[in-house]
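The data block below is model-v1.txt; it holds compact mmCIF, C-alpha atoms.
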# COMPACT_ATOMS: atom_id res chain seq x y z
CA MET S 1 0.00 0.00 0.00
CA ASN S 2 1.35 3.42 -0.94
CA GLU S 3 1.93 5.94 1.80
CA THR S 4 -0.24 9.09 1.76
CA TYR S 5 -0.64 12.34 3.65
CA THR S 6 -4.14 13.43 4.68
CA LEU S 7 -4.70 17.08 3.75
CA GLN S 8 -7.61 19.16 4.94
CA VAL S 9 -8.01 22.43 3.05
CA ALA S 10 -10.91 24.74 2.16
CA GLY S 11 -13.36 22.39 3.90
CA LEU S 12 -12.26 19.36 1.87
CA THR S 13 -10.09 16.32 2.60
CA ARG S 14 -7.67 14.79 0.12
CA GLU S 15 -5.15 11.93 0.35
CA LEU S 16 -1.85 13.06 -1.19
CA PRO S 17 0.71 10.53 -2.37
CA ILE S 18 4.11 10.81 -0.72
CA CYS S 19 6.89 11.14 -3.29
CA LYS S 20 10.62 10.83 -2.63
CA ILE S 21 12.60 13.71 -4.17
CA SER S 22 15.99 12.81 -2.64
CA ASP S 23 17.50 10.21 -0.33
CA ASP S 24 16.52 12.20 2.75
CA LEU S 25 13.46 14.17 1.65
CA SER S 26 9.94 13.37 0.49
CA ILE S 27 6.97 15.57 -0.28
CA ALA S 28 3.24 15.07 -0.28
CA ALA S 29 2.33 15.71 -3.92
CA PHE S 30 -0.47 18.27 -4.23
CA ILE S 31 -1.96 18.26 -7.72
CA MET S 32 -5.10 20.30 -8.40
CA PHE S 33 -5.34 19.34 -12.08
CA GLY S 34 -8.70 17.68 -12.68
CA ASP S 35 -10.02 18.26 -9.15
CA VAL S 36 -12.68 20.85 -9.95
CA GLU S 37 -14.30 20.71 -6.51
CA LEU S 38 -10.97 21.44 -4.80
CA THR S 39 -10.04 24.17 -7.27
CA ILE S 40 -13.35 26.01 -6.80
CA ALA S 41 -13.22 25.74 -2.98
CA CYS S 42 -9.58 26.87 -2.75
CA ALA S 43 -10.13 29.78 -5.15
CA LYS S 44 -13.05 31.03 -3.07
CA ALA S 45 -11.10 30.71 0.19
CA LEU S 46 -8.03 32.48 -1.22
CA ILE S 47 -10.08 35.36 -2.62
CA GLU S 48 -11.65 35.83 0.82
CA LYS S 49 -8.17 36.00 2.44
CA SER S 50 -6.55 38.21 -0.22
CA PRO S 51 -6.31 42.00 -0.29
CA GLU S 52 -8.03 43.98 -3.06
CA PHE S 53 -6.36 43.30 -6.40
CA ASP S 54 -6.79 44.20 -10.06
CA VAL S 55 -5.01 41.30 -11.77
CA ILE S 56 -3.59 37.87 -10.92
CA VAL S 57 -0.16 36.69 -12.08
CA THR S 58 0.69 33.00 -11.91
CA ALA S 59 3.38 30.67 -13.21
CA GLU S 60 2.68 27.99 -15.79
CA ALA S 61 1.38 25.32 -15.30
CA LYS S 62 0.07 23.76 -12.07
CA ALA S 63 -1.45 26.96 -10.67
CA ILE S 64 -3.26 27.96 -13.89
CA PRO S 65 -6.56 26.22 -12.98
CA LEU S 66 -6.50 27.99 -9.59
CA ALA S 67 -5.71 31.39 -11.12
CA TYR S 68 -8.41 30.86 -13.76
CA GLU S 69 -11.02 30.01 -11.13
CA MET S 70 -9.98 32.97 -8.95
CA SER S 71 -10.29 35.15 -12.05
CA ARG S 72 -13.72 33.73 -12.86
CA GLN S 73 -15.00 34.22 -9.31
CA SER S 74 -13.54 37.72 -8.88
CA GLY S 75 -14.11 39.00 -12.41
CA LYS S 76 -10.43 40.04 -12.57
CA ARG S 77 -8.01 39.10 -15.34
CA TYR S 78 -5.22 36.59 -14.82
CA ILE S 79 -1.91 36.44 -16.66
CA PRO S 80 0.19 33.28 -16.73
CA ALA S 81 3.96 33.60 -16.93
CA ARG S 82 4.94 30.95 -19.49
CA LYS S 83 7.75 28.43 -18.97
CA GLY S 84 9.48 29.46 -22.16
CA LYS S 85 9.41 31.97 -24.99
CA LYS S 86 6.52 31.40 -27.39
CA LEU S 87 6.51 32.26 -31.10
CA TYR S 88 3.77 34.83 -30.63
CA MET S 89 5.83 36.79 -28.09
CA GLN S 90 7.19 39.95 -29.73
CA ASN S 91 9.26 41.25 -26.81
CA PRO S 92 9.28 38.75 -23.95
CA VAL S 93 10.62 39.47 -20.48
CA VAL S 94 12.47 36.38 -19.24
CA ILE S 95 13.29 35.48 -15.61
CA GLU S 96 15.10 32.33 -14.41
CA VAL S 97 13.70 30.29 -11.50
CA GLN S 98 14.75 27.22 -9.47
CA SER S 99 11.98 25.13 -7.88
CA ILE S 100 12.18 22.35 -5.29
CA THR S 101 10.23 19.99 -7.55
CA THR S 102 12.31 20.63 -10.69
CA LYS S 103 16.05 19.91 -10.91
CA ALA S 104 16.91 22.20 -13.82
CA VAL S 105 16.73 25.98 -13.82
CA GLN S 106 13.51 27.07 -15.51
CA THR S 107 12.51 30.29 -17.19
CA LEU S 108 9.33 32.30 -16.80
CA CYS S 109 8.34 34.58 -19.67
CA ILE S 110 5.73 37.24 -20.14
CA ASP S 111 5.15 39.21 -23.35
CA GLN S 112 5.39 42.99 -23.38
CA PRO S 113 1.62 43.66 -23.90
CA GLU S 114 0.81 41.56 -20.82
CA LEU S 115 3.56 43.30 -18.87
CA ASP S 116 2.16 46.66 -19.97
CA TYR S 117 -1.27 45.58 -18.68
CA LEU S 118 0.25 45.31 -15.18
CA ASN S 119 1.23 49.01 -15.18
CA GLY S 120 -0.48 50.82 -12.33
CA LYS S 121 -2.34 47.68 -11.23
CA ARG S 122 -2.57 45.94 -7.86
CA VAL S 123 -1.13 42.50 -8.58
CA LEU S 124 -1.91 39.31 -6.67
CA ILE S 125 0.68 36.59 -7.28
CA VAL S 126 -0.88 33.12 -7.08
CA ASP S 127 0.69 29.67 -6.90
CA ASP S 128 -0.54 26.25 -5.87
CA VAL S 129 2.25 25.55 -3.35
CA ILE S 130 4.94 27.83 -1.95
CA SER S 131 8.02 25.97 -0.78
CA THR S 132 11.39 27.63 -1.32
CA GLY S 133 9.82 30.77 -2.76
CA GLY S 134 11.78 30.62 -6.02
CA SER S 135 8.72 30.89 -8.22
CA LEU S 136 7.43 33.81 -6.12
CA GLN S 137 10.74 35.62 -6.53
CA ALA S 138 10.59 35.13 -10.29
CA MET S 139 7.01 36.43 -10.47
CA ASP S 140 7.97 39.37 -8.23
CA ALA S 141 10.81 40.12 -10.65
CA ILE S 142 8.42 40.02 -13.60
CA VAL S 143 5.97 42.41 -11.91
CA ALA S 144 8.91 44.70 -11.00
CA LYS S 145 9.50 45.20 -14.75
CA SER S 146 6.16 47.07 -14.77
CA THR S 147 4.75 49.87 -12.63
CA GLY S 148 2.33 47.41 -11.04
CA THR S 149 2.44 46.77 -7.30
CA VAL S 150 2.41 43.34 -5.72
CA VAL S 151 -0.29 43.53 -3.04
CA GLY S 152 -0.17 39.88 -2.04
CA ARG S 153 1.36 36.48 -2.64
CA ALA S 154 -1.16 33.67 -2.23
CA ALA S 155 -1.08 29.88 -2.44
CA VAL S 156 -3.23 26.98 -1.38
CA LEU S 157 -0.37 25.44 0.61
CA ALA S 158 2.83 26.59 2.30
CA GLU S 159 5.32 23.73 2.33
CA GLY S 160 7.93 23.23 5.03
CA ASP S 161 9.47 26.43 6.40
CA ALA S 162 7.35 28.54 4.05
CA ALA S 163 4.51 28.15 6.56
CA ASN S 164 6.53 30.41 8.91
CA ARG S 165 6.74 33.27 6.40
CA GLY S 166 4.80 36.41 7.22
CA ASP S 167 4.65 37.70 3.65
CA ILE S 168 2.38 35.07 2.11
CA ILE S 169 -1.28 34.14 2.26
CA PHE S 170 -2.05 30.41 2.34
CA LEU S 171 -4.85 28.08 3.33
CA ALA S 172 -2.93 25.23 4.99
CA PRO S 173 0.62 24.13 5.82
CA LEU S 174 2.15 21.11 4.13
CA PRO S 175 5.03 19.36 5.91
CA LEU S 176 8.22 18.18 4.28
CA ILE S 177 8.75 14.53 5.12
CA ASP S 178 12.16 13.21 6.26

Written form, structure tokens:
Amino acid sequence: MNETYTLQVAGLTRELPICKISDDLSIAAFIMFGDVELTIACAKALIEKSPEFDVIVTAEAKAIPLAYEMSRQSGKRYIPARKGKKLYMQNPVVIEVQSITTKAVQTLCIDQPELDYLNGKRVLIVDDVISTGGSLQAMDAIVAKSTGTVVGRAAVLAEGDAANRGDIIFLAPLPLID
């Protein structure tokens, strides 16, 4: 029988599979893809906890369903930072990021028209899980290329030491497993 972690978040309970990422560290894998009930509940709960915002910025790909649902419920636009330059991008802004769940350095890209849209806006950065904060730093750096102001950083879960941060909004802690 596979080992799981019982997560309670936004009034729902889910069993998360425990995945080994190194010899001495495992994580409880939180995947919202396909779980519409969880996505809707978490989006509602995060909107209620978040400050007033004009636009949501998220990183591709796991947090896109959450950002979409928060956008749908709030009526505010969301902008995904893509994992690489796309052919349609005329003048992309590119930031490098290192994540706990990905070994290689990744890039986040946003095209100039989307960056221009952030000018003067109150920006809410959204992710599914905050762990080391690398993705948040990259999204902060993207927003800093505009005149927009980050008013909050929100995630469903804060993993490990991230749960002790005072600069993020989250619904539940998620332990790292030794």

To test the calculation: enclose all listed atoms of segment 40-53 of chain S in a box whose edges run along x, y and z, add 4 Å on each side, then state centre and edge lengths in Å to one decimal, as JSON.
{"center_x": -9.8, "center_y": 34.9, "center_z": -2.2, "size_x": 15.0, "size_y": 26.2, "size_z": 17.2}

Within 9 Å of Cys42 of chain S using only C-alpha atoms, minus same-chain residues under 4 positions, as a ChimeraX atom specification:
/S:9-11,37-38,46-47,66,70,156,171

From the set S:Gly133, S:Gly160, S:Pro175, S:Gly148, which residue has the shortest atom-to-atom contact distance to Lys121 of chain S, counting all atoms listed in the file?
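Residue with the minimum atom-to-atom distance to Lys121 of chain S: S:Gly148.
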
Can you tell me which residues surround Pro113 of chain S at a distance of at most 10 Å, considering all atoms listed in the file, apart from same-chain residues fewer than 4 positions away, and format the answer as a list in words?
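Contacts, with the query itself left out: Met89, Gln90, Asn91, Pro92, Tyr117 and Leu118 of chain S.
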
Min atom-atom distance to Ala61 of chain S from the set S:Arg77, S:Arg82, S:Lys44, S:Lys49, counting only C-alpha atoms, belongs to S:Arg82

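You will find atom CA of Ala28 of chain S at 28.2 Å from atom CA of Arg72 of chain S.
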
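Minimum atom-to-atom distance to Gly120 of chain S, evaluated using all atoms listed in the file, belongs to S:Val55 out of S:Val55, S:Ile79, S:Leu176, S:Ala43.
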
All residues 12 Å or closer to Leu25 of chain S, only C-alpha atoms, same chain fewer than 2 positions away omitted, as a PDB file with C-alpha atoms, in the frame of the given file:
ATOM      1  CA  ILE S  18       4.110  10.810  -0.720  1.00  0.00           C
ATOM      2  CA  CYS S  19       6.890  11.140  -3.290  1.00  0.00           C
ATOM      3  CA  LYS S  20      10.620  10.830  -2.630  1.00  0.00           C
ATOM      4  CA  ILE S  21      12.600  13.710  -4.170  1.00  0.00           C
ATOM      5  CA  SER S  22      15.990  12.810  -2.640  1.00  0.00           C
ATOM      6  CA  ASP S  23      17.500  10.210  -0.330  1.00  0.00           C
ATOM      7  CA  ILE S  27       6.970  15.570  -0.280  1.00  0.00           C
ATOM      8  CA  ALA S  28       3.240  15.070  -0.280  1.00  0.00           C
ATOM      9  CA  ILE S 100      12.180  22.350  -5.290  1.00  0.00           C
ATOM     10  CA  THR S 101      10.230  19.990  -7.550  1.00  0.00           C
ATOM     11  CA  GLY S 160       7.930  23.230   5.030  1.00  0.00           C
ATOM     12  CA  PRO S 175       5.030  19.360   5.910  1.00  0.00           C
ATOM     13  CA  LEU S 176       8.220  18.180   4.280  1.00  0.00           C
ATOM     14  CA  ILE S 177       8.750  14.530   5.120  1.00  0.00           C
ATOM     15  CA  ASP S 178      12.160  13.210   6.260  1.00  0.00           C
TER      16      ASP S 178
END

Among S:Ala154, S:Leu87, S:Ala81, S:Ala162, Met139 of chain S is approached most closely, using all atoms listed in the file, by S:Ala81

Set the distance at 10 Å and use only C-alpha atoms: which residues neighbour Tyr68 of chain S once local chain neighbours fewer than 4 positions away are removed? I'd like the list as a VMD selection string.
chain S and resid 39 to 40 43 56 58 63 to 64 72 to 74 76 to 80

Closest to Glu96 of chain S among S:Arg122, S:Ser135, S:Glu159, S:Val150, using all atoms listed in the file?
S:Ser135

May I ask for the distance between atom CA of Asp140 of chain S and atom CA of Pro65 of chain S, given in Å to one decimal place?
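According to the coordinates, atom CA of Asp140 of chain S and atom CA of Pro65 of chain S are separated by 20.2 Å.
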
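Here atom CA of Gly134 of chain S is placed at a distance of 10.3 Å from atom CA of Val105 of chain S.
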
Give me, as number ranges by chain, all polymer residues having an atom no more than 9 Å from Leu115 of chain S, counting only C-alpha atoms and skipping those fewer than 6 positions away in the same chain.
S: 92-93, 142-143, 145-146, 148

Go through S:Leu7, S:Ala144, S:Ala59, S:Ala67 one by one, measure the shortest atom-to-atom distance of each to Gln106 of chain S using only C-alpha atoms, and give the residue with the smallest value.
S:Ala59
